[in-house]
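Printed here is target.csv (CSV, C-alpha atoms and all ligand atoms):
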chain,number,residue,atom,x,y,z
A,1,MET,CA,-84.6,127.0,207.3
A,2,PRO,CA,-86.2,127.7,204.0
A,3,LYS,CA,-89.5,126.1,203.1
A,4,ASP,CA,-90.6,124.6,199.9
A,5,PRO,CA,-93.6,126.8,199.1
A,6,VAL,CA,-95.4,124.1,197.2
A,7,CYS,CA,-95.4,121.2,199.6
A,8,LYS,CA,-94.3,123.2,202.7
A,9,MET,CA,-91.5,120.9,203.5
A,10,GLU,CA,-88.6,122.4,205.4
A,11,ILE,CA,-85.6,122.1,203.3
A,12,SER,CA,-82.0,123.1,203.7
A,13,ARG,CA,-80.3,124.9,200.9
A,14,GLU,CA,-77.9,122.1,200.5
A,15,ASP,CA,-80.6,119.5,200.1
A,16,ALA,CA,-82.8,121.5,197.8
A,17,ALA,CA,-83.3,119.6,194.5
A,18,ALA,CA,-84.2,122.8,192.7
A,19,GLU,CA,-84.4,126.5,193.3
A,20,SER,CA,-86.1,129.4,191.6
A,21,GLU,CA,-85.9,133.1,191.8
A,22,TYR,CA,-89.1,135.1,191.8
A,23,LYS,CA,-89.4,138.8,192.4
A,24,GLY,CA,-86.0,139.0,194.0
A,25,ASN,CA,-86.6,136.1,196.4
A,26,THR,CA,-85.0,132.7,196.0
A,27,TYR,CA,-87.3,129.7,196.7
A,28,TYR,CA,-86.1,126.2,197.4
A,29,PHE,CA,-87.8,123.0,196.4
A,30,CYS,CA,-87.6,119.4,197.4
A,31,SER,CA,-88.0,118.2,193.8
A,32,GLU,CA,-88.2,119.4,190.2
A,33,GLU,CA,-91.9,118.7,190.4
A,34,CYS,CA,-92.5,121.2,193.1
A,35,LYS,CA,-90.4,123.7,191.2
A,36,GLU,CA,-92.6,123.2,188.1
A,37,SER,CA,-95.7,123.7,190.1
A,38,PHE,CA,-94.3,126.9,191.5
A,39,GLU,CA,-93.4,128.2,188.1
A,40,LYS,CA,-96.9,127.6,186.8
A,41,GLN,CA,-98.4,129.7,189.5
A,42,PRO,CA,-95.7,131.6,191.2
A,43,ASP,CA,-97.9,134.3,192.6
A,44,ARG,CA,-100.1,131.8,194.4
A,45,TYR,CA,-97.2,130.0,196.0
A,46,ALA,CA,-95.1,133.1,196.8
A,47,GLU,CA,-98.1,134.5,198.6
A,48,ARG,CA,-98.5,131.3,200.7
A,49,ALA,CA,-94.8,131.3,201.5
A,50,LYS,CA,-95.0,134.8,202.9
A,51,LYS,CA,-97.9,133.8,205.2
A,52,ALA,CA,-95.9,130.8,206.4
A,53,VAL,CA,-93.1,133.0,207.7
B,101,ZN,ZN,-91.8,119.9,197.6
Could the structure of this file be written out as structure tokens, please?
Ligand SMILES: [Zn+2]
Amino acid sequence: MPKDPVCKMEISREDAAAESEYKGNTYYFCSEECKESFEKQPDRYAERAKKAV
């Protein structure tokens, strides 16, 4: 199951409130707020998401 890279909540694609593409990967978010945080610092969060896998 994909993880929201900002708050680390597990989230199904159907339940995602928002999604964003970054460097060829799609990230899913529980809320627009998390998406906004991600888009402010995508490198930081994308890096974290990789480690979580
Ligand atoms: Zn979230």
Among listed residues A:Ala46, A:Lys3, A:Glu10, A:Ala18, nearest A:Glu33 (using only C-alpha atoms) |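 So, comparing all the options, the nearest one is A:Ala18.
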To one decimal place, how far is atom CA of A:Pro42 from atom CA of A:Asp15 in Å?
->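 Atom CA of A:Asp15 lies at a distance of 21.3 Å from atom CA of A:Pro42.
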Between A:Ala49, A:Ala17, A:Ile11, A:Val6, which is the closest to A:Ser37 once you count all atoms listed in the file?
-> A:Val6
Interatomic distance (Å, one decimal) between atom CA of A:Glu14 and atom CA of A:Arg48 =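 Computing the Euclidean distance for atom CA of A:Glu14 and atom CA of A:Arg48 yields 22.6 Å.
Around ligand ZN 101 (chain B), using all atoms listed in the file and a cut-off of 9 Å, the residues in contact are Lys3, Asp4, Pro5, Val6, Cys7, Lys8, Met9, Glu10, Ile11, Tyr28, Phe29, Cys30, Ser31, Glu32, Glu33, Cys34 and Lys35 of chain A.
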So which one's closest to A:Met1, A:Tyr27, A:Ser20, A:Glu36, A:Tyr45? Using all atoms listed in the file, please.
->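 Nearest to A:Met1: A:Tyr27.
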Using all atoms listed in the file: which of A:Glu39, A:Gly24, A:Glu19, A:Glu47 has the shortest distance to A:Pro2 = A:Glu19
